[in-house]
Each structure stands twice: as structure tokens, then as C-alpha cells.
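This is input_9.cif (mmCIF, C-alpha atoms).
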data_structure
loop_
_atom_site.group_PDB
_atom_site.id
_atom_site.type_symbol
_atom_site.label_atom_id
_atom_site.label_comp_id
_atom_site.auth_asym_id
_atom_site.auth_seq_id
_atom_site.Cartn_x
_atom_site.Cartn_y
_atom_site.Cartn_z
ATOM 1 C CA GLU A 401 -9.804 20.028 -14.047
ATOM 2 C CA GLU A 402 -7.138 17.846 -15.655
ATOM 3 C CA GLU A 403 -9.703 15.186 -16.599
ATOM 4 C CA ASN A 404 -11.365 17.627 -19.015
ATOM 5 C CA VAL A 405 -8.181 18.533 -20.895
ATOM 6 C CA GLU A 406 -8.033 16.653 -24.197
ATOM 7 C CA GLY A 407 -6.477 17.460 -27.555
ATOM 8 C CA MET A 408 -3.174 19.045 -28.501
ATOM 9 C CA TYR A 409 -4.453 22.627 -28.316
ATOM 10 C CA ALA A 410 -6.010 22.278 -24.867
ATOM 11 C CA GLU A 411 -3.180 20.149 -23.471
ATOM 12 C CA THR A 412 -0.404 22.570 -24.468
ATOM 13 C CA LYS A 413 -2.314 25.490 -22.956
ATOM 14 C CA PHE A 414 -2.826 23.561 -19.745
ATOM 15 C CA LEU A 415 0.851 22.618 -19.729
ATOM 16 C CA GLY A 416 1.759 26.306 -19.874
ATOM 17 C CA HIS A 417 -0.468 26.912 -16.879
ATOM 18 C CA ARG A 418 1.060 24.051 -14.902
ATOM 19 C CA LEU A 419 4.622 25.148 -15.678
ATOM 20 C CA GLY A 420 3.820 28.690 -14.575
ATOM 21 C CA GLN A 421 2.418 27.455 -11.281
ATOM 22 C CA ARG A 422 5.397 25.158 -10.745
ATOM 23 C CA TYR A 423 7.778 28.085 -11.204
ATOM 24 C CA ARG A 424 5.625 30.018 -8.754
ATOM 25 C CA GLN A 425 6.050 27.275 -6.160
ATOM 26 C CA ILE A 426 9.762 26.642 -6.708
ATOM 27 C CA PHE A 427 11.117 30.126 -7.407
ATOM 28 C CA GLY A 428 8.488 32.335 -5.831
ATOM 29 C CA LEU A 429 7.588 34.030 -9.097
ATOM 30 C CA ASP A 430 4.391 36.053 -9.183
ATOM 31 C CA VAL A 431 2.599 34.066 -11.881
ATOM 32 C CA LEU A 432 -1.045 34.328 -12.905
ATOM 33 C CA THR A 433 -2.839 32.354 -15.579
ATOM 34 C CA VAL A 434 -5.293 34.399 -17.611
ATOM 35 C CA ARG A 435 -7.743 32.456 -19.755
ATOM 36 C CA ILE A 436 -9.215 34.419 -22.630
ATOM 37 C CA SER A 437 -12.071 33.398 -24.887
ATOM 38 C CA SER A 438 -12.397 33.801 -28.661
ATOM 39 C CA THR A 439 -10.985 37.305 -28.877
ATOM 40 C CA TYR A 440 -12.001 39.113 -32.054
ATOM 41 C CA GLY A 441 -11.015 42.520 -33.376
ATOM 42 C CA PRO A 442 -8.344 44.492 -35.248
ATOM 43 C CA ASN A 443 -5.194 42.785 -36.547
ATOM 44 C CA ARG A 444 -6.677 39.286 -36.486
ATOM 45 C CA ARG A 445 -4.897 37.334 -39.226
ATOM 46 C CA PHE A 446 -6.500 34.453 -41.058
ATOM 47 C CA ASN A 447 -4.947 31.032 -40.710
ATOM 48 C CA ALA A 448 -5.425 28.598 -43.577
ATOM 49 C CA PHE A 449 -5.122 25.621 -41.215
ATOM 50 C CA ARG A 450 -7.835 26.801 -38.828
ATOM 51 C CA GLY A 451 -10.121 28.000 -41.582
ATOM 52 C CA LEU A 452 -13.159 29.958 -40.379
ATOM 53 C CA ALA A 453 -13.437 28.338 -36.967
ATOM 54 C CA GLY A 454 -13.839 30.490 -33.882
ATOM 55 C CA ASN A 455 -12.781 34.140 -33.940
ATOM 56 C CA ALA A 456 -11.552 33.888 -37.547
ATOM 57 C CA LEU A 457 -15.208 33.607 -38.528
ATOM 58 C CA ILE A 458 -15.964 36.993 -36.942
ATOM 59 C CA ALA A 459 -13.025 38.509 -38.818
ATOM 60 C CA HIS A 460 -14.309 37.062 -42.093
ATOM 61 C CA LEU A 461 -17.858 38.313 -41.562
ATOM 62 C CA CYS A 462 -16.847 41.812 -40.463
ATOM 63 C CA ARG A 463 -14.461 42.194 -43.379
ATOM 64 C CA ALA A 464 -17.160 41.071 -45.793
ATOM 65 C CA VAL A 465 -19.645 43.566 -44.364
ATOM 66 C CA ALA A 466 -17.077 46.365 -44.477
ATOM 67 C CA PHE A 467 -16.434 45.873 -48.188
ATOM 68 C CA GLY A 468 -19.931 44.889 -49.268
ATOM 69 C CA ASP A 469 -19.146 41.238 -49.981
ATOM 70 C CA ALA A 470 -21.796 38.518 -49.757
ATOM 71 C CA VAL A 471 -21.300 35.592 -47.392
ATOM 72 C CA THR A 472 -23.527 32.542 -47.023
ATOM 73 C CA LEU A 473 -22.728 29.947 -44.390
ATOM 74 C CA ASP A 474 -24.409 26.692 -45.378
ATOM 75 C CA SER A 475 -24.287 25.442 -41.786
ATOM 76 C CA GLY A 476 -23.103 26.425 -38.332
ATOM 77 C CA GLY A 477 -25.735 28.945 -37.326
ATOM 78 C CA ASP A 478 -26.275 27.185 -33.993
ATOM 79 C CA HIS A 479 -22.567 27.104 -33.153
ATOM 80 C CA SER A 480 -21.886 29.325 -30.140
ATOM 81 C CA ARG A 481 -18.827 30.880 -28.525
ATOM 82 C CA ASP A 482 -17.992 33.278 -25.726
ATOM 83 C CA TRP A 483 -16.743 35.855 -28.255
ATOM 84 C CA THR A 484 -14.960 38.788 -26.617
ATOM 85 C CA TYR A 485 -13.912 42.065 -28.199
ATOM 86 C CA VAL A 486 -10.162 42.616 -28.149
ATOM 87 C CA ALA A 487 -10.339 45.864 -26.157
ATOM 88 C CA ASP A 488 -12.064 44.013 -23.303
ATOM 89 C CA THR A 489 -9.502 41.211 -23.478
ATOM 90 C CA ALA A 490 -6.588 43.664 -23.348
ATOM 91 C CA ARG A 491 -8.110 45.624 -20.487
ATOM 92 C CA GLY A 492 -8.745 42.463 -18.471
ATOM 93 C CA ILE A 493 -5.161 41.277 -18.920
ATOM 94 C CA CYS A 494 -3.828 44.673 -17.808
ATOM 95 C CA LEU A 495 -6.072 44.664 -14.743
ATOM 96 C CA ALA A 496 -4.824 41.194 -13.808
ATOM 97 C CA PHE A 497 -1.195 42.269 -14.305
ATOM 98 C CA ASP A 498 -1.644 45.348 -12.094
ATOM 99 C CA ALA A 499 -3.665 43.610 -9.368
ATOM 100 C CA GLU A 500 -1.888 44.124 -6.046
ATOM 101 C CA ALA A 501 -3.165 41.147 -4.094
ATOM 102 C CA PRO A 502 -5.095 38.709 -6.318
ATOM 103 C CA ARG A 503 -6.731 35.929 -4.325
ATOM 104 C CA HIS A 504 -6.434 33.341 -7.101
ATOM 105 C CA THR A 505 -3.846 32.164 -9.603
ATOM 106 C CA VAL A 506 -6.284 31.644 -12.510
ATOM 107 C CA TYR A 507 -8.695 34.180 -13.994
ATOM 108 C CA ASN A 508 -11.074 34.097 -16.934
ATOM 109 C CA ILE A 509 -11.201 37.188 -19.136
ATOM 110 C CA ALA A 510 -14.171 36.952 -21.480
ATOM 111 C CA SER A 511 -17.539 38.452 -22.316
ATOM 112 C CA GLY A 512 -19.252 36.018 -19.970
ATOM 113 C CA ARG A 513 -21.961 35.372 -22.577
ATOM 114 C CA HIS A 514 -22.588 32.908 -25.373
ATOM 115 C CA TYR A 515 -23.557 34.088 -28.848
ATOM 116 C CA THR A 516 -24.538 31.770 -31.669
ATOM 117 C CA VAL A 517 -23.329 32.456 -35.197
ATOM 118 C CA THR A 518 -26.930 33.321 -36.071
ATOM 119 C CA GLU A 519 -26.974 35.914 -33.285
ATOM 120 C CA VAL A 520 -23.729 37.375 -34.613
ATOM 121 C CA VAL A 521 -25.196 37.598 -38.115
ATOM 122 C CA ASP A 522 -28.349 39.248 -36.744
ATOM 123 C CA ALA A 523 -26.229 41.754 -34.819
ATOM 124 C CA LEU A 524 -24.229 42.542 -37.957
ATOM 125 C CA ARG A 525 -27.464 43.220 -39.832
ATOM 126 C CA ARG A 526 -28.565 45.614 -37.102
ATOM 127 C CA VAL A 527 -25.241 47.428 -37.360
ATOM 128 C CA GLU A 528 -25.272 47.338 -41.184
ATOM 129 C CA PRO A 529 -28.851 46.791 -42.455
ATOM 130 C CA HIS A 530 -27.649 46.233 -46.017
ATOM 131 C CA ALA A 531 -25.158 43.496 -45.081
ATOM 132 C CA LYS A 532 -25.356 40.564 -47.494
ATOM 133 C CA ILE A 533 -24.678 37.767 -45.042
ATOM 134 C CA ARG A 534 -26.672 34.838 -43.739
ATOM 135 C CA ALA A 535 -26.097 31.625 -41.831
ATOM 136 C CA GLU A 536 -28.087 28.419 -42.031
ATOM 137 C CA SER A 537 -29.074 26.730 -38.790
ATOM 138 C CA GLY A 538 -27.453 23.600 -37.412
ATOM 139 C CA HIS A 539 -23.874 22.892 -36.513
ATOM 140 C CA SER A 540 -20.932 23.364 -38.809
ATOM 141 C CA ASN A 541 -19.779 20.666 -41.190
ATOM 142 C CA ASP A 542 -16.205 21.806 -40.520
ATOM 143 C CA ASP A 543 -14.545 19.461 -38.029
ATOM 144 C CA ARG A 544 -12.436 22.338 -36.742
ATOM 145 C CA PHE A 545 -15.522 23.736 -35.051
ATOM 146 C CA HIS A 546 -15.695 20.572 -32.985
ATOM 147 C CA GLU A 547 -12.076 20.326 -31.841
ATOM 148 C CA SER A 548 -11.573 19.830 -28.129
ATOM 149 C CA GLY A 549 -12.238 23.138 -26.404
ATOM 150 C CA ASN A 550 -14.226 24.710 -29.247
ATOM 151 C CA LEU A 551 -17.560 23.678 -27.742
ATOM 152 C CA ARG A 552 -16.828 24.876 -24.235
ATOM 153 C CA GLY A 553 -19.410 26.707 -22.204
ATOM 154 C CA VAL A 554 -19.454 30.318 -21.049
ATOM 155 C CA LEU A 555 -16.408 31.316 -19.015
ATOM 156 C CA ASP A 556 -17.194 32.456 -15.469
ATOM 157 C CA ILE A 557 -15.672 35.943 -15.027
ATOM 158 C CA SER A 558 -16.778 36.468 -11.424
ATOM 159 C CA ARG A 559 -13.253 36.083 -9.989
ATOM 160 C CA ALA A 560 -11.898 38.824 -12.242
ATOM 161 C CA ARG A 561 -14.861 41.041 -11.427
ATOM 162 C CA ASP A 562 -14.549 40.561 -7.681
ATOM 163 C CA ASP A 563 -10.751 40.726 -7.396
ATOM 164 C CA PHE A 564 -9.827 43.556 -9.759
ATOM 165 C CA GLY A 565 -13.020 45.022 -11.151
ATOM 166 C CA TYR A 566 -13.030 43.518 -14.607
ATOM 167 C CA ALA A 567 -16.250 43.764 -16.585
ATOM 168 C CA PRO A 568 -16.646 43.767 -20.380
ATOM 169 C CA ARG A 569 -17.453 47.209 -21.766
ATOM 170 C CA TYR A 570 -18.369 46.125 -25.278
ATOM 171 C CA GLU A 571 -21.710 44.607 -26.142
ATOM 172 C CA LEU A 572 -21.640 42.402 -29.222
ATOM 173 C CA GLU A 573 -22.945 45.121 -31.550
ATOM 174 C CA ASP A 574 -20.415 47.638 -30.228
ATOM 175 C CA GLY A 575 -17.481 45.338 -30.926
ATOM 176 C CA LEU A 576 -18.743 44.382 -34.369
ATOM 177 C CA ARG A 577 -19.303 48.032 -35.289
ATOM 178 C CA GLU A 578 -15.768 49.021 -34.297
ATOM 179 C CA TYR A 579 -14.311 46.024 -36.113
ATOM 180 C CA ILE A 580 -16.151 46.851 -39.342
ATOM 181 C CA GLU A 581 -14.931 50.446 -39.169
ATOM 182 C CA TRP A 582 -11.375 49.220 -38.624
ATOM 183 C CA TRP A 583 -11.536 47.103 -41.773
ATOM 184 C CA ARG A 584 -12.710 50.144 -43.701
ATOM 185 C CA ARG A 585 -9.803 52.224 -42.407
ATOM 186 C CA VAL A 586 -7.414 49.447 -43.398
ATOM 187 C CA GLY A 587 -8.864 49.407 -46.911
ATOM 188 C CA VAL A 588 -9.596 46.532 -49.236
ATOM 189 C CA ASP A 589 -6.094 46.379 -50.745
ATOM 190 C CA ARG A 590 -4.176 46.209 -47.477
ATOM 191 C CA ALA A 591 -6.802 43.853 -46.037
ATOM 192 C CA ARG A 592 -5.352 41.160 -48.288
ATOM 193 C CA GLU A 593 -2.250 41.159 -46.073
ATOM 194 C CA PHE A 594 -4.311 39.623 -43.286
ATOM 195 C CA ASP A 595 -5.246 36.573 -45.347
ATOM 196 C CA ALA A 596 -2.442 34.102 -44.603
ATOM 197 C CA SER A 597 -3.553 31.618 -47.249
ATOM 198 C CA ARG A 598 -3.677 34.254 -50.001
ATOM 199 C CA VAL A 599 -0.326 35.735 -48.973
ATOM 200 C CA ALA A 600 1.223 32.272 -49.095
ATOM 201 C CA LYS A 601 -0.094 31.737 -52.630
ATOM 202 C CA ASP A 602 1.122 35.143 -53.788
ATOM 203 C CA THR A 603 4.639 34.527 -52.556
#

Give the structure from this file in C-alpha cells form.
Amino acid sequence: EEENVEGMYAETKFLGHRLGQRYRQIFGLDVLTVRISSTYGPNRRFNAFRGLAGNALIAHLCRAVAFGDAVTLDSGGDHSRDWTYVADTARGICLAFDAEAPRHTVYNIASGRHYTVTEVVDALRRVEPHAKIRAESGHSNDDRFHESGNLRGVLDISRARDDFGYAPRYELEDGLREYIEWWRRVGVDRAREFDASRVAKDT
């Protein structure tokens, strides 16, 4: 497991896991590590440093669809992630926290499926047939897509399913639909507050 941990992002997350397990051994604390995957949904703020990599891309696309904006991705359609709707992530974490006798110390909370950016765009078009978005095939030209950990495979959620009954309730289209409706409730003016780069410029 340690041999596959490379890059600042992955290494600091793994360090948190190791520290938690060390405290478990030394002080008898009831510590679990929950690994989540590309959570998307309400209240996701944009980060100028990360750009549109990972779940920020879903936020960008759903906001654009909600307000009728056009988006064309010149590359990256083949990029895939185990995107998970936030309600499933939150439920999985709560189930892990409340588990009375978990058999493991590490659990994955995710959708358990891979979706390419093209599949996300297609799903958005099914939800909103008039959406003005498209993604070209291939991998992204943005190096942030290829940071260590960004090209991981599907997370195995069988432990969480077997030990405390976790299973995602949101199919991709369901999560995207709810996210689009949330953006509309927020409104286009307040939506600007979620753009960290624009807020920084305005201040």
C-alpha cells in the first residue's frame, strides 16, 4: 500500500491515516479511516489552484447548465473518476461513524463506478436536453488531471456494504439533476460567491 503513495496530496492523506492508526494502537482510540472519492454536490467551492480538475469540473458543468451557459472542453472527454454525490458520501461517513463493531479500520465510501467526462456530459444532456455543453475526446491537457491519485481506479466499496450496509443511492443522473436544481435555487448572483478566483479578484 505504501509503495503506491506518491505526491504531496496522496502522501499527506496517507500520513493522516497512519497517525490515526498509531493513536489507535497507543491510546486505544476508536479510529477509522474513511476514503471518499471525488464528491460533488452543493456548496462545492471553486479553487483557482486546482482549476477544473476532478469534482470542480462537475460543479462547473452543472452551474453552466443551470444558468444556460455554454461550455466546450477541448480535451479530457476520456478522463474518468469515481464521482460520488455528496448525499451518498455523507451517508456513508455517518454509517461508518455509527457502526458498532466494524471489522476493518479502513473503508471506501464512493459510487463504486467510473464515469468518463463524456459520460457525465451525456448524462447532463439527458437531464437537460437543451444543455449547451460538449467535451472532446482524449485526455486533458491540464496537468492537474494527471497528478498522483487523480487517475486511480474504481474504489472497492464491498467492505462498507458488508460491514454497515452502505450502498450509493444516487445514480449519476440523479445526482446531477439535484445539483443543477441547487444551483438554480442559489441563483446566478450568489453563485459568484462560490468562485474563489473571482472573489479574490473582486476583493

Legend entry - Matched chain/residue IDs from the PyMOL selection byres ((chain A and resi 492) around 8), as a ChimeraX atom specification: /A:488-491,493-496,509,560,566-567

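Using all atoms listed in the file, the nearest neighbour of A:Asp589 within the list A:Phe427, A:Tyr485, A:Val517, A:Arg463 is A:Arg463.
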
Inset, instruction - Expand the PyMOL selection byres ((chain A and resi 573-584) around 7) into the individual residues it matches in the shown file, reporting them as a ChimeraX atom specification. - result: /A:441-442,462-463,465-466,485,523-524,527,570-572,585-587

Inset, instruction - Within 10 Å of A:Phe497, counting all atoms listed in the file, which residues show up once you throw out same-chain ones fewer than 5 positions away? Write them as a count of residues only, please. - result: 8

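Compared by their closest atoms to A:Ala464, and using all atoms listed in the file, the residues A:Glu528, A:Glu536, A:Asp563, A:Asp556 rank with A:Glu528 nearest.
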
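If all atoms listed in the file are the atoms counted, then among A:Val506, A:Ala459, A:Asp469, A:Ala487 the closest residue to A:Gly420 is A:Val506.
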